[in-house]
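Just start30.csv here, CSV, C-alpha atoms (C1' of nucleotides):
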chain,number,residue,atom,x,y,z
D,1,MET,CA,0.0,0.0,0.0
D,2,ARG,CA,1.1,3.6,-0.5
D,3,ILE,CA,2.1,6.0,2.2
D,4,GLY,CA,-1.1,7.9,2.2
D,5,GLU,CA,-3.3,5.0,3.0
D,6,LEU,CA,-0.9,3.8,5.6
D,7,ALA,CA,-1.0,7.2,7.2
D,8,LYS,CA,-4.7,7.2,7.3
D,9,ARG,CA,-5.0,3.7,8.7
D,10,THR,CA,-2.5,4.3,11.5
D,11,SER,CA,-3.1,7.9,12.2
D,12,ILE,CA,0.5,8.6,11.8
D,13,SER,CA,1.5,11.4,9.4
D,14,ARG,CA,3.2,10.7,6.1
D,15,ASP,CA,6.2,12.7,7.3
D,16,THR,CA,6.5,10.7,10.5
D,17,ILE,CA,6.3,7.5,8.5
D,18,ARG,CA,9.1,8.6,6.2
D,19,PHE,CA,11.0,9.7,9.3
D,20,TYR,CA,10.6,6.2,10.8
D,21,GLU,CA,11.7,4.6,7.6
D,22,LYS,CA,14.8,6.7,7.5
D,23,LYS,CA,15.5,5.6,11.0
D,24,GLY,CA,15.2,2.0,10.0
D,25,LEU,CA,12.0,1.2,12.1
D,26,ILE,CA,10.0,0.1,9.1
D,27,ALA,CA,10.9,-0.8,5.5
D,28,SER,CA,9.0,-0.5,2.2
D,29,LEU,CA,9.3,-3.1,-0.5
D,30,SER,CA,12.6,-2.9,-2.2
D,31,GLU,CA,11.3,-3.3,-5.7
D,32,PRO,CA,8.6,-0.8,-6.4
D,33,SER,CA,6.9,0.0,-9.7
D,34,PRO,CA,9.4,0.6,-12.5
D,35,THR,CA,7.6,3.9,-13.5
D,36,ASN,CA,7.6,5.8,-10.3
D,37,ASN,CA,9.5,5.6,-7.1
D,38,TYR,CA,6.6,5.6,-4.7
D,39,ARG,CA,7.1,3.7,-1.5
D,40,ASP,CA,5.0,0.5,-1.3
D,41,TYR,CA,4.3,-1.1,2.1
D,42,PRO,CA,3.1,-4.5,3.0
D,43,GLU,CA,-0.1,-4.8,5.1
D,44,SER,CA,2.0,-5.9,8.1
D,45,THR,CA,3.6,-2.4,8.4
D,46,ILE,CA,0.3,-1.4,10.0
D,47,LEU,CA,1.0,-3.8,12.9
D,48,THR,CA,4.6,-2.6,13.1
D,49,LEU,CA,3.5,1.0,13.4
D,50,ASP,CA,1.0,0.1,16.0
D,51,LEU,CA,3.7,-1.6,18.0
D,52,ILE,CA,5.9,1.5,17.6
D,53,LYS,CA,3.1,3.6,19.0
D,54,GLU,CA,2.8,1.4,22.0
D,55,ALA,CA,6.5,1.3,22.6
D,56,ARG,CA,6.9,5.1,22.3
D,57,ALA,CA,4.1,5.6,24.8
D,58,ALA,CA,5.8,3.1,27.1
D,59,GLY,CA,8.9,5.2,27.1
D,60,MET,CA,11.0,3.5,24.5
D,61,THR,CA,13.1,5.9,22.4
D,62,ILE,CA,13.6,5.6,18.6
D,63,ALA,CA,17.1,4.3,19.2
D,64,ASP,CA,15.7,1.6,21.4
D,65,LEU,CA,13.2,0.7,18.8
D,66,THR,CA,15.8,0.5,16.0
D,67,ILE,CA,17.6,-2.2,18.0
D,68,PHE,CA,14.4,-3.9,18.9
D,69,MET,CA,13.1,-4.1,15.4
D,70,GLU,CA,16.4,-5.6,14.3
D,71,GLN,CA,16.0,-8.3,17.0
D,72,LEU,CA,12.5,-9.0,15.7
D,73,GLU,CA,13.7,-9.4,12.2
D,74,THR,CA,16.9,-11.4,12.6
D,75,LEU,CA,16.0,-13.3,15.7
D,76,SER,CA,19.5,-14.2,16.7
D,77,GLY,CA,22.5,-14.5,14.5
D,78,SER,CA,24.6,-11.5,15.5
D,79,GLU,CA,27.3,-10.9,18.1
D,80,PHE,CA,25.0,-8.4,19.7
D,81,ASP,CA,23.5,-9.7,22.9
D,82,GLY,CA,19.8,-9.3,22.1
D,83,GLU,CA,18.6,-11.2,25.2
D,84,THR,CA,20.4,-8.9,27.6
D,85,PHE,CA,19.1,-5.8,25.7
D,86,LEU,CA,15.6,-7.2,25.9
D,87,GLN,CA,15.9,-8.0,29.5
D,88,GLN,CA,17.0,-4.5,30.2
D,89,LYS,CA,14.1,-3.0,28.3
D,90,ILE,CA,11.7,-5.4,30.1
D,91,GLU,CA,12.9,-4.1,33.4
D,92,GLU,CA,12.7,-0.5,32.3
D,93,VAL,CA,9.1,-0.9,31.2
D,94,GLU,CA,8.3,-2.8,34.4
D,95,ARG,CA,9.7,0.1,36.4
D,96,THR,CA,7.7,2.6,34.3
D,97,ILE,CA,4.5,0.7,35.0
D,98,GLN,CA,5.1,0.5,38.7
D,99,ASN,CA,6.0,4.1,38.8
D,100,SER,CA,3.0,5.1,36.8
D,101,LYS,CA,0.7,3.2,39.1
D,102,LYS,CA,2.1,5.0,42.0
D,103,PHE,CA,1.6,8.3,40.3
D,104,LEU,CA,-1.9,7.3,39.4
D,105,GLU,CA,-2.7,6.9,43.1
D,106,THR,CA,-1.4,10.4,43.8
D,107,LEU,CA,-3.6,11.8,41.0
D,108,LYS,CA,-6.6,10.0,42.4
D,109,ALA,CA,-5.9,11.1,46.0
D,110,THR,CA,-5.5,14.7,44.8
D,111,LYS,CA,-8.8,14.6,42.9
D,112,ILE,CA,-10.5,13.3,46.0
D,113,ALA,CA,-9.0,16.0,48.2
D,114,LEU,CA,-10.1,18.6,45.7
D,115,ALA,CA,-13.6,17.3,45.7
D,116,ALA,CA,-13.7,17.3,49.5
D,117,ALA,CA,-12.4,20.9,49.6
D,118,ALA,CA,-15.0,22.0,47.0
D,119,LYS,CA,-17.8,20.6,49.1
D,120,THR,CA,-17.0,22.4,52.3
D,121,ASP,CA,-16.4,25.4,50.3
D,122,ALA,CA,-19.3,26.3,48.1
D,123,PRO,CA,-22.6,25.7,49.8
V,1,MET,CA,18.8,23.3,52.3
V,2,ARG,CA,20.8,24.6,49.4
V,3,ILE,CA,20.6,23.5,45.8
V,4,GLY,CA,23.7,21.4,45.9
V,5,GLU,CA,22.5,19.1,48.6
V,6,LEU,CA,19.0,18.9,47.0
V,7,ALA,CA,20.7,17.9,43.7
V,8,LYS,CA,22.7,15.2,45.4
V,9,ARG,CA,19.7,13.8,47.4
V,10,THR,CA,17.3,13.7,44.4
V,11,SER,CA,19.8,12.8,41.7
V,12,ILE,CA,18.5,15.8,39.7
V,13,SER,CA,21.1,18.3,38.4
V,14,ARG,CA,21.3,21.8,39.8
V,15,ASP,CA,20.5,23.2,36.4
V,16,THR,CA,17.4,21.1,36.2
V,17,ILE,CA,16.3,22.1,39.6
V,18,ARG,CA,16.6,25.8,38.7
V,19,PHE,CA,14.8,25.0,35.5
V,20,TYR,CA,11.9,23.5,37.4
V,21,GLU,CA,11.8,26.4,39.7
V,22,LYS,CA,11.7,28.8,36.8
V,23,LYS,CA,8.7,26.8,35.5
V,24,GLY,CA,7.0,27.0,38.8
V,25,LEU,CA,7.1,23.4,39.7
V,26,ILE,CA,9.0,24.0,43.0
V,27,ALA,CA,9.7,27.1,45.1
V,28,SER,CA,12.5,28.1,47.4
V,29,LEU,CA,11.9,30.0,50.6
V,30,SER,CA,11.1,33.6,49.7
V,31,GLU,CA,13.3,35.1,52.5
V,32,PRO,CA,16.7,33.7,52.2
V,33,SER,CA,19.8,34.9,54.1
V,34,PRO,CA,20.3,38.7,54.0
V,35,THR,CA,24.0,38.3,53.0
V,36,ASN,CA,23.7,36.1,49.9
V,37,ASN,CA,20.9,35.2,47.5
V,38,TYR,CA,21.3,31.5,47.6
V,39,ARG,CA,18.2,29.5,47.1
V,40,ASP,CA,17.0,27.8,50.3
V,41,TYR,CA,14.7,24.8,50.0
V,42,PRO,CA,12.6,23.1,52.6
V,43,GLU,CA,13.0,19.4,53.2
V,44,SER,CA,9.7,18.7,51.5
V,45,THR,CA,11.1,19.8,48.2
V,46,ILE,CA,12.7,16.4,48.0
V,47,LEU,CA,9.3,14.7,48.0
V,48,THR,CA,8.0,17.2,45.4
V,49,LEU,CA,11.0,16.4,43.1
V,50,ASP,CA,10.4,12.7,43.6
V,51,LEU,CA,6.8,13.2,42.6
V,52,ILE,CA,7.9,15.1,39.6
V,53,LYS,CA,10.2,12.3,38.5
V,54,GLU,CA,7.4,9.8,38.8
V,55,ALA,CA,5.0,12.0,36.9
V,56,ARG,CA,7.5,12.7,34.1
V,57,ALA,CA,8.1,9.0,33.7
V,58,ALA,CA,4.4,8.4,33.6
V,59,GLY,CA,4.2,10.7,30.6
V,60,MET,CA,3.2,14.0,32.2
V,61,THR,CA,4.7,17.1,30.6
V,62,ILE,CA,6.0,20.0,32.6
V,63,ALA,CA,3.0,22.1,31.5
V,64,ASP,CA,0.8,19.4,33.0
V,65,LEU,CA,2.8,19.4,36.2
V,66,THR,CA,2.6,23.2,36.5
V,67,ILE,CA,-1.2,22.9,36.7
V,68,PHE,CA,-1.1,19.8,38.9
V,69,MET,CA,1.2,21.5,41.4
V,70,GLU,CA,-1.1,24.5,41.6
V,71,GLN,CA,-3.9,22.1,42.4
V,72,LEU,CA,-1.9,20.5,45.1
V,73,GLU,CA,-1.2,23.8,46.7
V,74,THR,CA,-4.4,25.7,46.4
V,75,LEU,CA,-6.8,22.7,46.6
V,76,SER,CA,-9.8,24.5,45.1
V,77,GLY,CA,-10.5,28.1,45.0
V,78,SER,CA,-10.1,29.0,41.4
V,79,GLU,CA,-12.4,29.2,38.4
V,80,PHE,CA,-10.2,26.5,36.8
V,81,ASP,CA,-11.9,23.1,36.8
V,82,GLY,CA,-9.3,21.0,38.6
V,83,GLU,CA,-11.4,17.9,38.9
V,84,THR,CA,-11.9,17.7,35.2
V,85,PHE,CA,-8.2,18.2,34.6
V,86,LEU,CA,-7.3,15.6,37.1
V,87,GLN,CA,-9.8,13.1,35.7
V,88,GLN,CA,-8.3,13.6,32.2
V,89,LYS,CA,-4.8,13.0,33.5
V,90,ILE,CA,-6.0,9.9,35.5
V,91,GLU,CA,-7.4,8.5,32.3
V,92,GLU,CA,-4.2,9.3,30.4
V,93,VAL,CA,-2.0,7.5,32.9
V,94,GLU,CA,-4.4,4.6,32.9
V,95,ARG,CA,-4.1,4.3,29.2
V,96,THR,CA,-0.3,4.6,29.4
V,97,ILE,CA,-0.2,1.7,31.9
V,98,GLN,CA,-2.4,-0.5,29.9
V,99,ASN,CA,-0.4,0.2,26.8
V,100,SER,CA,2.9,-0.4,28.6
V,101,LYS,CA,1.6,-3.7,29.9
V,102,LYS,CA,0.8,-4.8,26.3
V,103,PHE,CA,4.2,-3.7,25.1
V,104,LEU,CA,5.8,-5.5,28.0
V,105,GLU,CA,4.2,-8.7,26.8
V,106,THR,CA,5.6,-8.1,23.3
V,107,LEU,CA,9.1,-7.6,24.8
V,108,LYS,CA,8.8,-10.8,26.8
V,109,ALA,CA,7.6,-12.8,23.8
V,110,THR,CA,10.4,-11.5,21.7
V,111,LYS,CA,13.0,-12.5,24.3
V,112,ILE,CA,11.6,-16.0,24.5
V,113,ALA,CA,11.6,-16.3,20.7
V,114,LEU,CA,15.2,-15.1,20.7
V,115,ALA,CA,16.2,-17.6,23.3
V,116,ALA,CA,14.5,-20.4,21.3
V,117,ALA,CA,16.2,-19.4,18.1
V,118,ALA,CA,19.6,-19.3,19.9
V,119,LYS,CA,19.2,-22.8,21.1
V,120,THR,CA,18.4,-24.5,17.8
V,121,ASP,CA,21.2,-22.4,16.4
V,122,ALA,CA,24.4,-22.9,18.2
V,123,PRO,CA,24.9,-26.5,19.3
S,1,DA,C1',43.8,34.3,54.1
S,2,DT,C1',43.6,32.0,50.2
S,3,DA,C1',42.3,28.3,47.3
S,4,DA,C1',38.6,25.1,46.5
S,5,DA,C1',34.0,24.4,46.4
S,6,DC,C1',29.6,26.4,46.0
S,7,DC,C1',26.0,29.7,44.4
S,8,DA,C1',23.5,33.1,41.0
S,9,DT,C1',22.1,34.9,36.4
S,10,DG,C1',21.6,35.2,31.5
S,11,DG,C1',21.8,33.3,27.5
S,12,DA,C1',23.5,30.1,24.1
S,13,DG,C1',23.6,25.2,22.7
S,14,DT,C1',21.9,20.3,22.5
S,15,DT,C1',19.0,16.3,21.7
S,16,DC,C1',14.9,14.2,20.5
S,17,DA,C1',11.0,13.6,17.8
S,18,DG,C1',8.8,15.2,14.7
S,19,DT,C1',6.8,18.9,11.3
S,20,DC,C1',6.7,22.1,7.4
S,21,DA,C1',7.8,24.2,3.0
S,22,DA,C1',9.4,24.3,-1.6
S,23,DC,C1',10.0,22.1,-5.7
S,24,DG,C1',9.0,18.8,-9.2
S,25,DG,C1',7.3,14.4,-10.8
S,26,DT,C1',3.0,10.7,-11.0
S,27,DT,C1',-1.7,9.1,-10.9
S,28,DA,C1',-6.6,9.4,-10.7
S,29,DT,C1',-10.9,11.8,-11.8
S,30,DG,C1',-14.6,14.5,-14.1
J,1,DC,C1',-6.6,16.5,-21.0
J,2,DA,C1',-6.7,19.4,-17.4
J,3,DT,C1',-6.4,19.5,-12.8
J,4,DA,C1',-6.8,17.8,-8.3
J,5,DA,C1',-4.8,14.6,-5.3
J,6,DC,C1',-0.9,12.1,-4.4
J,7,DC,C1',4.2,11.1,-4.0
J,8,DG,C1',9.4,12.0,-3.6
J,9,DT,C1',13.6,14.6,-1.7
J,10,DT,C1',16.1,18.0,0.7
J,11,DG,C1',16.6,20.9,4.2
J,12,DA,C1',15.1,24.2,7.4
J,13,DC,C1',12.2,24.7,11.4
J,14,DT,C1',9.8,23.8,15.9
J,15,DG,C1',8.9,22.7,20.9
J,16,DA,C1',10.1,20.3,24.9
J,17,DA,C1',13.3,19.5,28.2
J,18,DC,C1',17.2,20.0,29.5
J,19,DT,C1',22.5,21.2,29.6
J,20,DC,C1',26.5,24.1,29.3
J,21,DC,C1',29.1,28.3,29.6
J,22,DA,C1',30.8,32.8,31.1
J,23,DT,C1',31.1,35.9,34.6
J,24,DG,C1',31.1,37.1,39.2
J,25,DG,C1',29.8,36.8,44.1
J,26,DT,C1',29.9,33.7,48.8
J,27,DT,C1',31.4,30.0,51.9
J,28,DT,C1',34.3,26.6,53.7
J,29,DA,C1',38.3,24.1,54.7
J,30,DT,C1',43.2,24.2,55.2
Could you write out this file's structure as structure tokens?
Amino acid sequence: MRIGELAKRTSISRDTIRFYEKKGLIASLSEPSPTNNYRDYPESTILTLDLIKEARAAGMTIADLTIFMEQLETLSGSEFDGETFLQQKIEEVERTIQNSKKFLETLKATKIALAAAAKTDAP
Amino acid sequence: MRIGELAKRTSISRDTIRFYEKKGLIASLSEPSPTNNYRDYPESTILTLDLIKEARAAGMTIADLTIFMEQLETLSGSEFDGETFLQQKIEEVERTIQNSKKFLETLKATKIALAAAAKTDAP
DNA sequence: ATAAACCATGGAGTTCAGTCAACGGTTATG
DNA sequence: CATAACCGTTGACTGAACTCCATGGTTTAT
């Protein structure tokens, strides 16, 4: 599919998609039409982009994602220690989750305090 | 306490602390020593900075935090609808947590796949 | 009392993650 | 076939969140 459709279906802008491709997070088919040089993406790129969105929201950087995508593709076969990298990222995300839960409690407590203050205040 | 100690005890750089103060996230005592103009922070600023760290890691921006801190301090008393703001942020953080959990599963699955591939590979 | 260590301010510089603009070629539509 | 809608590339630009630097004053340890 072409970049416009991909953009629409993932809610990610064309520019951002091209930016991700330049960074190596996604790849378009290497042999496009002979007459133009339009990018052509497989259906699966939608899934990849969804994954990237999740990962970004979970605190992963694009540099992290570049390595991660490489692991997904090659699944072993390099000198690079993918398992250690993944384990580190797992721990990072676990910390982020714990941390966010804690902060969530603070937010909730603040909201409750605010509501209580409002009640004794207005009437 | 002075900024250096605060920096050490929170693992946040002096520059960042001053930056946060300029943004209104924290405040130093308004009447410092008469002989110098060093910032002087109460013990509680450590807790505030820890909260800020949590919040940042949970995806809150500094602009969000500015509003949130104001809510914490004033606890009602403005035209601003703090409860709605807080409810929105609660939902945002909840989404972030759900999302991060999902991504965490992906990371774990990838690590397992990598380990399996490595086994059938080497020996 | 003097050097090392600390503090302040203002402003410039950096990194990350996009985003926009200008220009020209391609494809789809009435 | 005109023309709107789409695509490509290059490079400049933005906003967020720091980070660094230069300059100069203050405190502390020796």
Onto chain V, please fit chain D by least squares using all C-alpha atoms in order, then return the transformed chain as a compact mmCIF listing (two decimals) with C-alpha atoms, in the coordinates of the input.
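The result, stored in part.txt:
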# COMPACT_ATOMS: atom_id res chain seq x y z
CA MET D 1 18.66 23.48 52.38
CA ARG D 2 20.79 24.79 49.52
CA ILE D 3 20.60 23.68 45.94
CA GLY D 4 23.64 21.54 46.06
CA GLU D 5 22.46 19.29 48.78
CA LEU D 6 19.08 19.05 47.21
CA ALA D 7 20.70 18.01 43.98
CA LYS D 8 22.66 15.35 45.66
CA ARG D 9 19.74 13.96 47.62
CA THR D 10 17.45 13.74 44.59
CA SER D 11 19.92 13.01 41.91
CA ILE D 12 18.64 15.84 39.93
CA SER D 13 21.18 18.39 38.66
CA ARG D 14 21.37 21.90 40.05
CA ASP D 15 20.54 23.24 36.59
CA THR D 16 17.46 21.06 36.27
CA ILE D 17 16.33 22.19 39.69
CA ARG D 18 16.67 25.84 38.76
CA PHE D 19 14.91 25.01 35.49
CA TYR D 20 11.99 23.48 37.45
CA GLU D 21 11.83 26.45 39.72
CA LYS D 22 11.64 28.79 36.80
CA LYS D 23 8.82 26.73 35.49
CA GLY D 24 6.99 27.05 38.74
CA LEU D 25 7.16 23.27 39.75
CA ILE D 26 8.93 23.96 43.01
CA ALA D 27 9.55 27.12 45.07
CA SER D 28 12.38 28.16 47.42
CA LEU D 29 11.72 30.17 50.53
CA SER D 30 10.89 33.70 49.71
CA GLU D 31 13.00 35.27 52.38
CA PRO D 32 16.52 34.01 52.19
CA SER D 33 19.58 35.22 54.09
CA PRO D 34 19.99 39.00 53.91
CA THR D 35 23.72 38.63 52.87
CA ASN D 36 23.49 36.44 49.87
CA ASN D 37 20.78 35.47 47.50
CA TYR D 38 21.20 31.73 47.64
CA ARG D 39 18.08 29.70 47.15
CA ASP D 40 16.92 27.92 50.34
CA TYR D 41 14.56 24.92 50.10
CA PRO D 42 12.44 23.27 52.66
CA GLU D 43 12.96 19.52 53.30
CA SER D 44 9.62 18.79 51.59
CA THR D 45 11.02 19.87 48.16
CA ILE D 46 12.73 16.47 48.17
CA LEU D 47 9.30 14.77 48.10
CA THR D 48 8.08 17.20 45.45
CA LEU D 49 11.01 16.40 43.21
CA ASP D 50 10.50 12.75 43.70
CA LEU D 51 6.90 13.12 42.65
CA ILE D 52 8.03 15.10 39.59
CA LYS D 53 10.33 12.25 38.67
CA GLU D 54 7.53 9.79 38.87
CA ALA D 55 5.17 11.94 36.91
CA ARG D 56 7.71 12.63 34.13
CA ALA D 57 8.37 8.91 33.80
CA ALA D 58 4.62 8.33 33.65
CA GLY D 59 4.39 10.60 30.68
CA MET D 60 3.33 13.83 32.25
CA THR D 61 4.85 16.92 30.60
CA ILE D 62 6.20 19.97 32.51
CA ALA D 63 3.12 21.92 31.51
CA ASP D 64 0.96 19.23 33.00
CA LEU D 65 2.95 19.30 36.14
CA THR D 66 2.74 23.10 36.49
CA ILE D 67 -1.05 22.79 36.59
CA PHE D 68 -0.92 19.83 38.86
CA MET D 69 1.33 21.41 41.39
CA GLU D 70 -0.97 24.42 41.49
CA GLN D 71 -3.91 22.08 42.26
CA LEU D 72 -1.87 20.53 45.06
CA GLU D 73 -1.11 23.85 46.57
CA THR D 74 -4.42 25.69 46.31
CA LEU D 75 -6.73 22.75 46.53
CA SER D 76 -9.73 24.43 45.04
CA GLY D 77 -10.50 28.08 44.97
CA SER D 78 -10.06 28.99 41.31
CA GLU D 79 -12.36 29.05 38.29
CA PHE D 80 -10.16 26.43 36.75
CA ASP D 81 -11.78 23.03 36.76
CA GLY D 82 -9.11 21.04 38.61
CA GLU D 83 -11.26 17.89 38.97
CA THR D 84 -11.80 17.55 35.24
CA PHE D 85 -8.05 18.16 34.57
CA LEU D 86 -7.21 15.50 37.12
CA GLN D 87 -9.66 13.09 35.73
CA GLN D 88 -8.18 13.54 32.33
CA LYS D 89 -4.66 12.95 33.57
CA ILE D 90 -5.87 9.87 35.51
CA GLU D 91 -7.22 8.41 32.33
CA GLU D 92 -4.10 9.24 30.38
CA VAL D 93 -1.89 7.50 32.91
CA GLU D 94 -4.31 4.56 33.03
CA ARG D 95 -4.03 4.25 29.26
CA THR D 96 -0.21 4.48 29.46
CA ILE D 97 -0.12 1.65 31.97
CA GLN D 98 -2.36 -0.58 29.95
CA ASN D 99 -0.42 0.16 26.88
CA SER D 100 2.86 -0.45 28.58
CA LYS D 101 1.69 -3.80 29.86
CA LYS D 102 0.78 -4.80 26.42
CA PHE D 103 4.14 -3.77 25.14
CA LEU D 104 5.78 -5.62 27.95
CA GLU D 105 4.16 -8.84 26.74
CA THR D 106 5.53 -8.25 23.24
CA LEU D 107 9.04 -7.72 24.68
CA LYS D 108 8.75 -10.90 26.67
CA ALA D 109 7.40 -12.93 23.72
CA THR D 110 10.24 -11.61 21.54
CA LYS D 111 12.87 -12.56 24.12
CA ILE D 112 11.41 -16.03 24.28
CA ALA D 113 11.40 -16.41 20.51
CA LEU D 114 14.99 -15.26 20.41
CA ALA D 115 15.99 -17.77 22.99
CA ALA D 116 14.22 -20.56 21.10
CA ALA D 117 15.94 -19.54 17.84
CA ALA D 118 19.36 -19.44 19.59
CA LYS D 119 18.91 -22.96 20.84
CA THR D 120 18.18 -24.60 17.54
CA ASP D 121 20.88 -22.60 16.10
CA ALA D 122 24.13 -23.01 17.93
CA PRO D 123 24.69 -26.55 19.04
For chain V, which residues have at least one atom within 10 Å of chain J, if we go by all atoms listed in the file? Write them as number ranges by chain, please. V: 13, 15-16, 19, 35-38, 61-63
Quick one: which residues from chain V are at most 9 Å off chain D, using only C-alpha atoms, as a ChimeraX atom specification? /V:51,54-55,57-59,68,71-72,75-77,82-84,86-87,89-90,93-94,96-108,110-115,117-118,121
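The interface of chain S with chain V at 8 Å, considering all atoms listed in the file, consists of S:DC6, S:DC7, S:DA8.
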With C-alpha atoms (C1' of nucleotides) retained, export the selected residues as an mmCIF file, in the coordinates of the input.
data_model
loop_
_atom_site.group_PDB
_atom_site.id
_atom_site.type_symbol
_atom_site.label_atom_id
_atom_site.label_comp_id
_atom_site.auth_asym_id
_atom_site.auth_seq_id
_atom_site.Cartn_x
_atom_site.Cartn_y
_atom_site.Cartn_z
ATOM 1 C "C1'" DC S 6 29.600 26.400 46.000
ATOM 2 C "C1'" DC S 7 26.000 29.700 44.400
ATOM 3 C "C1'" DA S 8 23.500 33.100 41.000
#
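Rounded to one decimal, C1' of DG11 in chain S and CA of Ile12 in chain V lie 21.6 Å from each other.
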Keeping N, CA and C atoms, write range 60-76 of chain V of the structure just shown out as a PDB file, in the first residue's frame.
ATOM      1  N   MET V  60       3.637  12.609  32.013  1.00  0.00           N
ATOM      2  CA  MET V  60       3.166  13.975  32.204  1.00  0.00           C
ATOM      3  C   MET V  60       4.210  14.966  31.683  1.00  0.00           C
ATOM      4  N   THR V  61       3.743  16.040  31.093  1.00  0.00           N
ATOM      5  CA  THR V  61       4.676  17.077  30.639  1.00  0.00           C
ATOM      6  C   THR V  61       4.867  18.090  31.763  1.00  0.00           C
ATOM      7  N   ILE V  62       5.782  18.979  31.567  1.00  0.00           N
ATOM      8  CA  ILE V  62       6.020  20.011  32.570  1.00  0.00           C
ATOM      9  C   ILE V  62       4.824  20.961  32.642  1.00  0.00           C
ATOM     10  N   ALA V  63       4.214  21.217  31.514  1.00  0.00           N
ATOM     11  CA  ALA V  63       3.003  22.053  31.508  1.00  0.00           C
ATOM     12  C   ALA V  63       1.905  21.404  32.353  1.00  0.00           C
ATOM     13  N   ASP V  64       1.732  20.096  32.203  1.00  0.00           N
ATOM     14  CA  ASP V  64       0.768  19.365  33.044  1.00  0.00           C
ATOM     15  C   ASP V  64       1.117  19.552  34.515  1.00  0.00           C
ATOM     16  N   LEU V  65       2.380  19.364  34.803  1.00  0.00           N
ATOM     17  CA  LEU V  65       2.836  19.413  36.191  1.00  0.00           C
ATOM     18  C   LEU V  65       2.639  20.785  36.805  1.00  0.00           C
ATOM     19  N   THR V  66       2.800  21.797  36.022  1.00  0.00           N
ATOM     20  CA  THR V  66       2.598  23.150  36.527  1.00  0.00           C
ATOM     21  C   THR V  66       1.174  23.298  37.052  1.00  0.00           C
ATOM     22  N   ILE V  67       0.229  22.819  36.262  1.00  0.00           N
ATOM     23  CA  ILE V  67      -1.170  22.881  36.685  1.00  0.00           C
ATOM     24  C   ILE V  67      -1.405  21.983  37.893  1.00  0.00           C
ATOM     25  N   PHE V  68      -0.855  20.795  37.833  1.00  0.00           N
ATOM     26  CA  PHE V  68      -1.056  19.831  38.912  1.00  0.00           C
ATOM     27  C   PHE V  68      -0.533  20.363  40.245  1.00  0.00           C
ATOM     28  N   MET V  69       0.648  20.963  40.212  1.00  0.00           N
ATOM     29  CA  MET V  69       1.244  21.499  41.443  1.00  0.00           C
ATOM     30  C   MET V  69       0.362  22.602  42.020  1.00  0.00           C
ATOM     31  N   GLU V  70      -0.177  23.380  41.137  1.00  0.00           N
ATOM     32  CA  GLU V  70      -1.068  24.453  41.564  1.00  0.00           C
ATOM     33  C   GLU V  70      -2.288  23.865  42.282  1.00  0.00           C
ATOM     34  N   GLN V  71      -2.807  22.782  41.735  1.00  0.00           N
ATOM     35  CA  GLN V  71      -3.945  22.119  42.373  1.00  0.00           C
ATOM     36  C   GLN V  71      -3.559  21.614  43.758  1.00  0.00           C
ATOM     37  N   LEU V  72      -2.377  21.023  43.823  1.00  0.00           N
ATOM     38  CA  LEU V  72      -1.909  20.493  45.100  1.00  0.00           C
ATOM     39  C   LEU V  72      -1.813  21.605  46.151  1.00  0.00           C
ATOM     40  N   GLU V  73      -1.351  22.749  45.715  1.00  0.00           N
ATOM     41  CA  GLU V  73      -1.156  23.848  46.662  1.00  0.00           C
ATOM     42  C   GLU V  73      -2.472  24.505  47.071  1.00  0.00           C
ATOM     43  N   THR V  74      -3.234  24.920  46.093  1.00  0.00           N
ATOM     44  CA  THR V  74      -4.426  25.700  46.408  1.00  0.00           C
ATOM     45  C   THR V  74      -5.601  24.826  46.824  1.00  0.00           C
ATOM     46  N   LEU V  75      -5.649  23.585  46.363  1.00  0.00           N
ATOM     47  CA  LEU V  75      -6.801  22.722  46.645  1.00  0.00           C
ATOM     48  C   LEU V  75      -8.117  23.483  46.588  1.00  0.00           C
ATOM     49  N   SER V  76      -8.534  23.723  45.404  1.00  0.00           N
ATOM     50  CA  SER V  76      -9.774  24.465  45.132  1.00  0.00           C
ATOM     51  C   SER V  76      -9.593  25.970  45.301  1.00  0.00           C
TER      52      SER V  76
END
